[in-house]
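Next up, target-v6.cif (mmCIF, C-alpha atoms):
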```cif
data_upload
#
loop_
_atom_site.group_PDB
_atom_site.id
_atom_site.type_symbol
_atom_site.label_atom_id
_atom_site.label_comp_id
_atom_site.auth_asym_id
_atom_site.auth_seq_id
_atom_site.Cartn_x
_atom_site.Cartn_y
_atom_site.Cartn_z
ATOM 1 C CA MET A 1 119.388 66.193 21.049
ATOM 2 C CA LEU A 2 115.591 66.182 21.416
ATOM 3 C CA PHE A 3 115.466 68.476 24.433
ATOM 4 C CA PHE A 4 117.986 70.790 22.850
ATOM 5 C CA SER A 5 115.709 71.108 19.809
ATOM 6 C CA PHE A 6 112.698 71.478 22.049
ATOM 7 C CA PHE A 7 114.236 74.318 24.034
ATOM 8 C CA LYS A 8 115.199 76.033 20.809
ATOM 9 C CA THR A 9 111.498 76.230 19.923
ATOM 10 C CA LEU A 10 110.957 78.145 23.177
ATOM 11 C CA VAL A 11 113.446 80.911 22.394
ATOM 12 C CA ASN A 12 111.993 84.383 23.075
ATOM 13 C CA HIS A 13 109.386 83.006 25.456
ATOM 14 C CA GLU A 14 109.188 83.842 29.150
ATOM 15 C CA VAL A 15 110.408 80.972 31.304
ATOM 16 C CA THR A 16 111.284 80.519 34.954
ATOM 17 C CA VAL A 17 114.426 78.566 35.708
ATOM 18 C CA GLU A 18 114.733 77.018 39.128
ATOM 19 C CA LEU A 19 118.297 76.228 40.110
ATOM 20 C CA LYS A 20 119.600 73.541 42.412
ATOM 21 C CA ASN A 21 120.485 76.232 44.949
ATOM 22 C CA ASP A 22 116.753 77.126 45.095
ATOM 23 C CA ILE A 23 117.004 80.433 43.249
ATOM 24 C CA SER A 24 114.207 80.940 40.711
ATOM 25 C CA ILE A 25 114.973 83.299 37.870
ATOM 26 C CA ARG A 26 112.337 84.491 35.444
ATOM 27 C CA GLY A 27 113.337 85.925 32.101
ATOM 28 C CA THR A 28 113.130 85.731 28.331
ATOM 29 C CA LEU A 29 114.864 82.625 26.979
ATOM 30 C CA LYS A 30 117.489 83.961 24.610
ATOM 31 C CA SER A 31 119.626 80.962 23.852
ATOM 32 C CA VAL A 32 120.250 77.348 24.689
ATOM 33 C CA ASP A 33 123.129 75.088 23.700
ATOM 34 C CA GLN A 34 123.909 71.390 23.581
ATOM 35 C CA TYR A 35 124.598 71.221 27.321
ATOM 36 C CA LEU A 36 121.269 72.927 27.966
ATOM 37 C CA ASN A 37 123.103 75.954 29.262
ATOM 38 C CA ILE A 38 120.495 78.690 29.257
ATOM 39 C CA LYS A 39 120.743 82.382 28.576
ATOM 40 C CA LEU A 40 117.982 84.594 29.969
ATOM 41 C CA ASP A 41 117.384 88.265 29.247
ATOM 42 C CA ASP A 42 115.566 90.908 31.327
ATOM 43 C CA ILE A 43 115.664 88.743 34.395
ATOM 44 C CA SER A 44 113.822 89.060 37.662
ATOM 45 C CA VAL A 45 114.559 86.920 40.683
ATOM 46 C CA VAL A 46 111.450 85.497 42.278
ATOM 47 C CA GLU A 47 112.584 86.181 45.867
ATOM 48 C CA GLU A 48 114.750 89.224 45.221
ATOM 49 C CA MET A 49 115.345 90.144 48.864
ATOM 50 C CA LYS A 50 116.730 86.689 49.549
ATOM 51 C CA TYR A 51 119.182 86.870 46.661
ATOM 52 C CA PRO A 52 120.286 90.524 46.556
ATOM 53 C CA HIS A 53 123.342 89.858 44.412
ATOM 54 C CA LEU A 54 121.270 89.574 41.238
ATOM 55 C CA SER A 55 119.555 92.963 41.516
ATOM 56 C CA SER A 56 121.961 94.777 39.211
ATOM 57 C CA VAL A 57 122.094 91.948 36.686
ATOM 58 C CA LYS A 58 120.195 92.212 33.408
ATOM 59 C CA ASN A 59 120.932 88.925 31.700
ATOM 60 C CA VAL A 60 122.288 85.627 32.938
ATOM 61 C CA PHE A 61 124.027 82.619 31.480
ATOM 62 C CA ILE A 62 123.067 79.598 33.565
ATOM 63 C CA ARG A 63 125.149 76.456 33.450
ATOM 64 C CA GLY A 64 122.946 73.541 32.417
ATOM 65 C CA SER A 65 124.245 71.285 35.167
ATOM 66 C CA VAL A 66 122.839 73.507 37.954
ATOM 67 C CA VAL A 67 119.279 73.687 36.606
ATOM 68 C CA ARG A 68 116.633 71.790 38.532
ATOM 69 C CA TYR A 69 113.463 72.800 36.683
ATOM 70 C CA VAL A 70 112.442 74.997 33.801
ATOM 71 C CA HIS A 71 108.882 76.276 34.119
ATOM 72 C CA LEU A 72 107.493 76.571 30.602
ATOM 73 C CA PRO A 73 104.662 78.622 29.177
ATOM 74 C CA ALA A 74 102.015 75.955 28.513
ATOM 75 C CA ALA A 75 100.710 77.794 25.452
ATOM 76 C CA ALA A 76 104.095 77.569 23.747
ATOM 77 C CA VAL A 77 104.395 73.788 24.031
ATOM 78 C CA ASP A 78 102.966 71.707 21.206
ATOM 79 C CA THR A 79 102.455 68.446 23.080
ATOM 80 C CA PRO A 80 101.418 66.220 20.112
ATOM 81 C CA LEU A 81 104.440 67.417 18.147
ATOM 82 C CA LEU A 82 106.676 66.667 21.086
ATOM 83 C CA GLU A 83 105.187 63.192 21.414
ATOM 84 C CA ASP A 84 105.805 62.526 17.714
ATOM 85 C CA ALA A 85 109.370 63.740 17.978
ATOM 86 C CA THR A 86 109.957 61.523 20.994
ATOM 87 C CA ARG A 87 108.633 58.433 19.175
ATOM 88 C CA ARG A 88 110.712 59.249 16.117
ATOM 89 C CA GLU A 89 113.847 59.620 18.215
ATOM 90 C CA ALA A 90 113.119 56.384 20.057
ATOM 91 C CA SER A 91 112.594 54.437 16.834
ATOM 92 C CA GLN A 92 115.776 55.917 15.392
ATOM 93 C CA ALA A 93 117.663 54.797 18.481
ATOM 94 C CA VAL A 94 116.275 51.280 18.072
ATOM 95 C CA ALA A 95 117.184 51.171 14.378
ATOM 96 C CA LYS A 96 120.691 52.341 15.175
ATOM 97 C CA ALA A 97 121.114 49.764 17.914
ATOM 98 C CA LYS A 98 120.132 46.997 15.445
ATOM 99 C CA GLN A 99 122.489 48.378 12.798
ATOM 100 C CA GLY A 100 125.585 48.666 14.928
ATOM 101 C CA MET B 101 133.905 86.613 5.319
ATOM 102 C CA ALA B 102 136.981 88.757 4.825
ATOM 103 C CA ASN B 103 136.722 89.087 1.057
ATOM 104 C CA ARG B 104 133.408 90.935 1.303
ATOM 105 C CA LEU B 105 135.277 93.914 2.698
ATOM 106 C CA PRO B 106 138.020 95.996 1.107
ATOM 107 C CA SER B 107 141.225 94.201 1.853
ATOM 108 C CA THR B 108 143.535 96.001 4.256
ATOM 109 C CA HIS B 109 146.223 93.403 4.633
ATOM 110 C CA ALA B 110 149.501 93.384 2.792
ATOM 111 C CA PRO B 111 149.592 91.163 -0.309
ATOM 112 C CA GLY B 112 150.947 87.726 0.398
ATOM 113 C CA PHE B 113 149.700 87.688 3.969
ATOM 114 C CA PRO B 114 146.675 85.706 5.011
ATOM 115 C CA PRO B 115 143.662 87.905 5.566
ATOM 116 C CA ALA B 116 142.789 88.713 9.131
ATOM 117 C CA ILE B 117 139.705 86.931 10.430
ATOM 118 C CA LEU B 118 136.950 89.416 10.943
ATOM 119 C CA ILE B 119 134.198 88.586 13.384
ATOM 120 C CA ARG B 120 131.182 90.797 13.410
ATOM 121 C CA PRO B 121 127.995 90.491 15.401
ATOM 122 C CA GLY B 122 125.694 88.007 13.679
ATOM 123 C CA ASP B 123 128.443 86.111 11.955
ATOM 124 C CA PRO B 124 128.902 82.476 12.968
ATOM 125 C CA ASN B 125 131.590 82.270 15.595
ATOM 126 C CA PRO B 126 134.717 80.455 14.340
ATOM 127 C CA PHE B 127 135.417 79.326 17.909
ATOM 128 C CA ASP B 128 132.203 77.329 17.754
ATOM 129 C CA GLN B 129 133.740 74.894 15.294
ATOM 130 C CA PRO B 130 135.223 72.036 17.254
ATOM 131 C CA PRO B 131 138.326 70.305 15.914
ATOM 132 C CA GLN B 132 137.324 67.912 13.152
ATOM 133 C CA GLN B 133 138.744 64.793 14.787
ATOM 134 C CA HIS B 134 136.554 65.353 17.836
ATOM 135 C CA MET B 135 133.382 65.490 15.806
ATOM 136 C CA VAL B 136 130.792 63.325 17.500
ATOM 137 C CA ASN B 137 127.640 64.275 15.667
ATOM 138 C CA PRO B 138 126.392 61.002 14.144
ATOM 139 C CA MET B 139 124.535 62.838 11.376
ATOM 140 C CA MET B 140 127.756 64.377 10.154
ATOM 141 C CA MET B 141 129.514 61.018 10.162
ATOM 142 C CA GLN B 142 126.735 59.560 8.072
ATOM 143 C CA GLN B 143 127.042 62.385 5.558
ATOM 144 C CA GLN B 144 130.774 61.922 5.339
ATOM 145 C CA SER B 145 130.601 58.194 4.706
ATOM 146 C CA GLN B 146 127.940 58.732 2.046
ATOM 147 C CA GLN B 147 130.181 61.216 0.301
ATOM 148 C CA HIS B 148 133.042 58.741 0.357
ATOM 149 C CA GLN B 149 130.916 56.087 -1.318
ATOM 150 C CA GLY B 150 129.391 58.476 -3.874
ATOM 151 C CA SER B 151 132.201 60.458 -5.448
ATOM 152 C CA PRO B 152 135.925 59.718 -5.399
ATOM 153 C CA GLY B 153 136.824 63.446 -5.078
ATOM 154 C CA PRO B 154 138.119 64.998 -1.877
ATOM 155 C CA PRO B 155 135.477 64.968 0.851
ATOM 156 C CA SER B 156 134.001 68.417 1.380
ATOM 157 C CA VAL B 157 134.381 69.794 4.873
ATOM 158 C CA PRO B 158 131.042 69.335 6.593
ATOM 159 C CA GLN B 159 129.549 72.563 7.885
ATOM 160 C CA LEU B 160 127.868 72.540 11.235
ATOM 161 C CA PRO B 161 124.515 74.211 11.492
ATOM 162 C CA PRO B 162 125.205 77.644 12.975
ATOM 163 C CA GLN B 163 122.886 77.110 15.954
ATOM 164 C CA MET B 164 124.744 73.916 16.867
ATOM 165 C CA PHE B 165 127.425 75.029 19.325
ATOM 166 C CA THR B 166 126.419 78.269 20.881
ATOM 167 C CA THR B 167 128.126 78.042 24.280
ATOM 168 C CA ALA B 168 131.125 79.867 22.930
ATOM 169 C CA ALA B 169 128.948 82.404 21.138
ATOM 170 C CA GLN B 170 127.214 83.270 24.407
ATOM 171 C CA LEU B 171 130.490 83.611 26.267
ATOM 172 C CA LEU B 172 131.875 85.715 23.450
ATOM 173 C CA ASP B 173 129.025 88.173 24.030
ATOM 174 C CA LEU B 174 130.041 88.448 27.690
ATOM 175 C CA THR B 175 133.762 88.943 27.078
ATOM 176 C CA ASP B 176 135.181 92.198 28.514
ATOM 177 C CA LYS B 177 131.907 92.828 30.347
ATOM 178 C CA LYS B 178 131.499 93.298 34.069
ATOM 179 C CA LEU B 179 129.980 90.096 35.386
ATOM 180 C CA MET B 180 128.516 88.702 38.555
ATOM 181 C CA VAL B 181 129.678 85.097 38.741
ATOM 182 C CA VAL B 182 128.005 82.809 41.243
ATOM 183 C CA LEU B 183 129.951 79.705 42.150
ATOM 184 C CA ARG B 184 128.592 76.379 43.309
ATOM 185 C CA ASP B 185 129.771 77.014 46.864
ATOM 186 C CA GLY B 186 127.687 80.192 46.956
ATOM 187 C CA ARG B 187 130.468 82.721 46.437
ATOM 188 C CA LYS B 188 129.678 85.805 44.417
ATOM 189 C CA LEU B 189 132.483 87.232 42.328
ATOM 190 C CA ILE B 190 132.293 90.537 40.500
ATOM 191 C CA GLY B 191 134.859 91.180 37.823
ATOM 192 C CA VAL B 192 135.599 91.680 34.155
ATOM 193 C CA LEU B 193 135.569 88.534 31.995
ATOM 194 C CA ARG B 194 138.775 88.511 29.994
ATOM 195 C CA SER B 195 139.080 84.981 28.660
ATOM 196 C CA TRP B 196 137.349 81.610 28.608
ATOM 197 C CA ASP B 197 137.415 78.277 26.819
ATOM 198 C CA GLN B 198 135.037 75.567 25.616
ATOM 199 C CA PHE B 199 134.723 74.094 29.126
ATOM 200 C CA GLY B 200 133.510 77.359 30.581
ATOM 201 C CA ASN B 201 136.758 77.943 32.467
ATOM 202 C CA LEU B 202 136.981 81.689 32.985
ATOM 203 C CA VAL B 203 139.635 84.310 33.577
ATOM 204 C CA MET B 204 138.352 87.342 35.448
ATOM 205 C CA GLN B 205 140.183 90.572 36.083
ATOM 206 C CA ASP B 206 139.843 93.050 38.985
ATOM 207 C CA THR B 207 137.650 90.586 40.806
ATOM 208 C CA ALA B 208 135.979 91.338 44.097
ATOM 209 C CA GLU B 209 134.143 88.829 46.236
ATOM 210 C CA ARG B 210 130.910 90.237 47.614
ATOM 211 C CA LEU B 211 129.616 88.926 50.910
ATOM 212 C CA PHE B 212 126.000 89.298 51.962
ATOM 213 C CA VAL B 213 124.916 88.595 55.491
ATOM 214 C CA GLN B 214 121.979 89.732 57.620
ATOM 215 C CA GLY B 215 121.248 92.986 55.789
ATOM 216 C CA LEU B 216 124.919 93.882 55.379
ATOM 217 C CA TYR B 217 127.319 93.511 52.520
ATOM 218 C CA ALA B 218 131.004 94.062 51.830
ATOM 219 C CA ASP B 219 133.478 93.594 49.013
ATOM 220 C CA ILE B 220 136.838 91.896 49.333
ATOM 221 C CA GLU B 221 139.305 92.719 46.581
ATOM 222 C CA ARG B 222 140.621 89.455 45.160
ATOM 223 C CA GLY B 223 142.372 90.364 41.917
ATOM 224 C CA LEU B 224 142.852 87.981 38.996
ATOM 225 C CA PHE B 225 140.809 84.790 38.978
ATOM 226 C CA LEU B 226 140.894 81.631 36.937
ATOM 227 C CA VAL B 227 137.716 79.708 37.676
ATOM 228 C CA ARG B 228 137.279 76.098 36.652
ATOM 229 C CA GLY B 229 134.074 75.796 34.653
ATOM 230 C CA GLU B 230 132.458 73.046 36.700
ATOM 231 C CA ASN B 231 132.333 75.329 39.751
ATOM 232 C CA ILE B 232 130.213 77.952 38.065
ATOM 233 C CA THR B 233 126.490 78.227 38.703
ATOM 234 C CA LEU B 234 125.690 81.296 36.670
ATOM 235 C CA LEU B 235 127.151 84.320 34.980
ATOM 236 C CA GLY B 236 125.200 87.552 35.104
ATOM 237 C CA GLU B 237 126.014 90.590 33.047
ATOM 238 C CA ILE B 238 125.829 93.644 35.295
ATOM 239 C CA ASP B 239 123.605 96.412 33.997
ATOM 240 C CA LEU B 240 125.905 99.432 34.051
ATOM 241 C CA ASP B 241 122.900 101.715 34.610
ATOM 242 C CA LYS B 242 122.261 99.892 37.860
ATOM 243 C CA ASP B 243 125.941 99.305 38.571
ATOM 244 C CA ASP B 244 126.548 97.960 42.064
ATOM 245 C CA TYR B 245 122.934 98.529 43.023
ATOM 246 C CA VAL B 246 122.085 96.565 46.140
ATOM 247 C CA PRO B 247 118.464 96.519 47.299
ATOM 248 C CA GLU B 248 117.400 98.696 50.218
ATOM 249 C CA PRO B 249 117.780 96.716 53.441
ATOM 250 C CA TYR B 250 121.360 95.806 52.593
ATOM 251 C CA GLN B 251 123.941 98.299 53.898
ATOM 252 C CA LEU B 252 127.627 98.548 53.110
ATOM 253 C CA ALA B 253 129.599 97.556 56.193
ATOM 254 C CA PRO B 254 133.265 97.096 57.123
ATOM 255 C CA VAL B 255 134.776 93.961 55.594
ATOM 256 C CA GLU B 256 135.986 92.592 58.936
ATOM 257 C CA LYS B 257 132.522 92.755 60.448
ATOM 258 C CA VAL B 258 130.735 91.172 57.478
ATOM 259 C CA PHE B 259 133.429 88.541 57.108
ATOM 260 C CA ALA B 260 133.114 87.491 60.756
ATOM 261 C CA LEU B 261 129.313 87.334 60.520
ATOM 262 C CA LYS B 262 129.529 85.353 57.298
ATOM 263 C CA LYS B 263 131.953 82.905 58.809
ATOM 264 C CA ALA B 264 129.639 82.332 61.760
ATOM 265 C CA GLU B 265 126.625 81.941 59.453
ATOM 266 C CA ASP B 266 128.461 79.470 57.197
ATOM 267 C CA ALA B 267 129.539 77.400 60.186
ATOM 268 C CA GLU B 268 125.979 77.324 61.453
ATOM 269 C CA ARG B 269 124.635 76.291 58.061
ATOM 270 C CA LYS B 270 127.271 73.623 57.694
ATOM 271 C CA ILE B 271 126.089 72.010 60.913
ATOM 272 C CA ALA B 272 122.442 72.281 59.865
ATOM 273 C CA ASP B 273 123.213 70.851 56.403
ATOM 274 C CA LYS B 274 125.158 67.994 57.910
ATOM 275 C CA ARG B 275 122.256 67.127 60.186
ATOM 276 C CA LYS B 276 119.829 67.324 57.257
ATOM 277 C CA HIS B 277 121.972 65.107 55.029
ATOM 278 C CA LYS B 278 122.352 62.594 57.816
ATOM 279 C CA ARG B 279 118.584 62.390 58.229
ATOM 280 C CA LEU B 280 118.089 62.111 54.459
ATOM 281 C CA ALA B 281 120.815 59.488 54.124
ATOM 282 C CA ALA B 282 119.098 57.411 56.796
ATOM 283 C CA GLU B 283 116.007 57.398 54.552
ATOM 284 C CA GLY B 284 118.064 56.469 51.507
ATOM 285 C CA PHE B 285 118.302 59.917 49.893
ATOM 286 C CA GLU B 286 121.568 61.352 48.763
ATOM 287 C CA GLY B 287 120.543 64.882 47.781
ATOM 288 C CA GLU B 288 121.493 66.868 44.716
ATOM 289 C CA HIS B 289 124.545 68.541 46.172
ATOM 290 C CA ALA B 290 125.627 66.144 48.871
ATOM 291 C CA GLY B 291 128.052 67.643 51.322
ATOM 292 C CA GLU B 292 128.029 71.142 49.884
ATOM 293 C CA ALA B 293 126.638 74.239 51.516
ATOM 294 C CA ILE B 294 124.882 76.208 48.822
ATOM 295 C CA LEU B 295 123.306 79.605 48.791
#
```
Would you write out, as structure tokens, the structure that this file holds?
Amino acid sequence: MLFFSFFKTLVNHEVTVELKNDISIRGTLKSVDQYLNIKLDDISVVEEMKYPHLSSVKNVFIRGSVVRYVHLPAAAVDTPLLEDATRREASQAVAKAKQG
Amino acid sequence: MANRLPSTHAPGFPPAILIRPGDPNPFDQPPQQHMVNPMMMQQQSQQHQGSPGPPSVPQLPPQMFTTAAQLLDLTDKKLMVVLRDGRKLIGVLRSWDQFGNLVMQDTAERLFVQGLYADIERGLFLVRGENITLLGEIDLDKDDYVPEPYQLAPVEKVFALKKAEDAERKIADKRKHKRLAAEGFEGEHAGEAIL
């Protein structure tokens, strides 16, 4: 759930999503769900001439399983906070493993 | 939700469920027995230990399951659906479920090849969710806009060109995968031609 929470902090930021079929789509991150499906608004395709089918499209819902990379705005990422959250999640996982 | 509005239903009948933009989507609530969120299970067991009364139904945070909410926004809209095999379908989204399976009406498949494009009327589609790469809502102001170099051409011509191009790519992909496999790589979409 950590990455889900992390992506939720990036809502309304500009991101570029690179898909496994090599298309890169830039747009405003509008929503993300537990499968890391991504919804982008006001999209532009990085190589528009190569992928002409997306020219008349304004927003996209991308299935999480086809995403290769998400390029993030560095300014919007709080790295120390993310590190803390990661450690907390890891320690919780350990505690749970001991419990059950 | 319903009792905030003047009631329009006949007495004795259950109120109709009203969904308005901004309201949490009732379809987002998964069946209780399938609940897998460990936090919820913890809460429930604590409640059982604490008070002997009936356990209150745990409420999911509204941002929890938003897949359905996003698809709900796209319902009855004209969409460009790109499948994993590279097909582009244009049609109206009529129905869907929690797996992302879709029903599309008045669907056309659009082929692009070498500066040409053509539409093939396909009709009603049920697409299995796993085959979907992305759904794009078509901007009706720019409806069917195709960038400059691409020209509408007869279906037969585009189809033949596309077939030739796909065959060529299949051979190239096969060769590439063979080379990669020899080096121990499997590739992200082994055996599939994707564009």
For Ala93 in chain A, please output as a VMD selection string all residues within 12 Å (counting all atoms listed in the file; exclusion window: fewer than 5 positions along the same chain).
(chain A and resid 1 to 2 86 to 88 98 to 100) or (chain B and resid 138)
Closest atom pairs, chain A residues within 8 Å of chain B, only C-alpha atoms, as a tab-separated table:
```
residue	atom	partner	partner_atom	distance
A:Lys20	CA	B:Glu288	CA	7.3
A:Asn21	CA	B:Leu295	CA	5.8
A:Asp22	CA	B:Leu295	CA	7.9
A:Ser31	CA	B:Thr166	CA	7.9
A:Val32	CA	B:Thr166	CA	7.3
A:Asp33	CA	B:Thr166	CA	5.4
A:Gln34	CA	B:Phe165	CA	6.6
A:Asn37	CA	B:Thr167	CA	7.4
A:Lys39	CA	B:Gln170	CA	7.7
A:Met49	CA	B:Pro247	CA	7.3
A:Pro52	CA	B:Pro247	CA	6.3
A:His53	CA	B:Val246	CA	7.0
A:Leu54	CA	B:Gly236	CA	7.6
A:Ser55	CA	B:Val246	CA	6.4
A:Ser56	CA	B:Lys242	CA	5.3
A:Val57	CA	B:Ile238	CA	4.3
A:Lys58	CA	B:Asp239	CA	5.4
A:Asn59	CA	B:Glu237	CA	5.5
A:Val60	CA	B:Gly236	CA	4.1
A:Phe61	CA	B:Leu235	CA	5.0
A:Ile62	CA	B:Leu234	CA	4.4
A:Arg63	CA	B:Thr233	CA	5.7
A:Val66	CA	B:Thr233	CA	6.0
```
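Interatomic distance, CA of Glu209 in chain B against CA of Lys177 in chain B: 16.5 Å.
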Selection dump of the PyMOL selection byres ((chain A and resi 78-82) around 12), as a PDB file with C-alpha atoms, in the coordinates of the input:
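Written output follows (part-v2.pdb):
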```pdb
ATOM      1  CA  LEU A   2     115.591  66.182  21.416  1.00  0.00           C
ATOM      2  CA  PHE A   3     115.466  68.476  24.433  1.00  0.00           C
ATOM      3  CA  SER A   5     115.709  71.108  19.809  1.00  0.00           C
ATOM      4  CA  PHE A   6     112.698  71.478  22.049  1.00  0.00           C
ATOM      5  CA  PHE A   7     114.236  74.318  24.034  1.00  0.00           C
ATOM      6  CA  THR A   9     111.498  76.230  19.923  1.00  0.00           C
ATOM      7  CA  LEU A  10     110.957  78.145  23.177  1.00  0.00           C
ATOM      8  CA  LEU A  72     107.493  76.571  30.602  1.00  0.00           C
ATOM      9  CA  PRO A  73     104.662  78.622  29.177  1.00  0.00           C
ATOM     10  CA  ALA A  74     102.015  75.955  28.513  1.00  0.00           C
ATOM     11  CA  ALA A  75     100.710  77.794  25.452  1.00  0.00           C
ATOM     12  CA  ALA A  76     104.095  77.569  23.747  1.00  0.00           C
ATOM     13  CA  VAL A  77     104.395  73.788  24.031  1.00  0.00           C
ATOM     14  CA  GLU A  83     105.187  63.192  21.414  1.00  0.00           C
ATOM     15  CA  ASP A  84     105.805  62.526  17.714  1.00  0.00           C
ATOM     16  CA  ALA A  85     109.370  63.740  17.978  1.00  0.00           C
ATOM     17  CA  THR A  86     109.957  61.523  20.994  1.00  0.00           C
ATOM     18  CA  ARG A  87     108.633  58.433  19.175  1.00  0.00           C
ATOM     19  CA  ARG A  88     110.712  59.249  16.117  1.00  0.00           C
ATOM     20  CA  GLU A  89     113.847  59.620  18.215  1.00  0.00           C
TER      21      GLU A  89
END
```
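Checking A:Leu40, A:Tyr51, A:Arg68, A:Tyr35 one by one against Leu19 in chain A, counting only C-alpha atoms, you find the shortest gap at A:Arg68.
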For the atom pair CA of His71 in chain A and CA of Asp42 in chain A, what is the interatomic distance in Å to one decimal place?
16.3 Å
Quick check, in Å to one decimal: how far apart do CA of Gly223 in chain B and CA of Phe199 in chain B lie?
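If I compute the distance from CA of Gly223 in chain B to CA of Phe199 in chain B, I get 22.1 Å.
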Selected by the PyMOL selection byres ((chain A and resi 12) around 7) in the shown coordinates: which residues, as a short mmCIF file (atom, residue, chain, number, x, y, z; two decimals) with C-alpha atoms, in the coordinates of the input?
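The file below, out_4.cif, is the result:
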```
data_model
loop_
_atom_site.label_atom_id
_atom_site.label_comp_id
_atom_site.auth_asym_id
_atom_site.auth_seq_id
_atom_site.Cartn_x
_atom_site.Cartn_y
_atom_site.Cartn_z
CA LEU A 10 110.96 78.14 23.18
CA VAL A 11 113.45 80.91 22.39
CA HIS A 13 109.39 83.01 25.46
CA GLU A 14 109.19 83.84 29.15
CA THR A 28 113.13 85.73 28.33
CA LEU A 29 114.86 82.62 26.98
CA LYS A 30 117.49 83.96 24.61
#
```
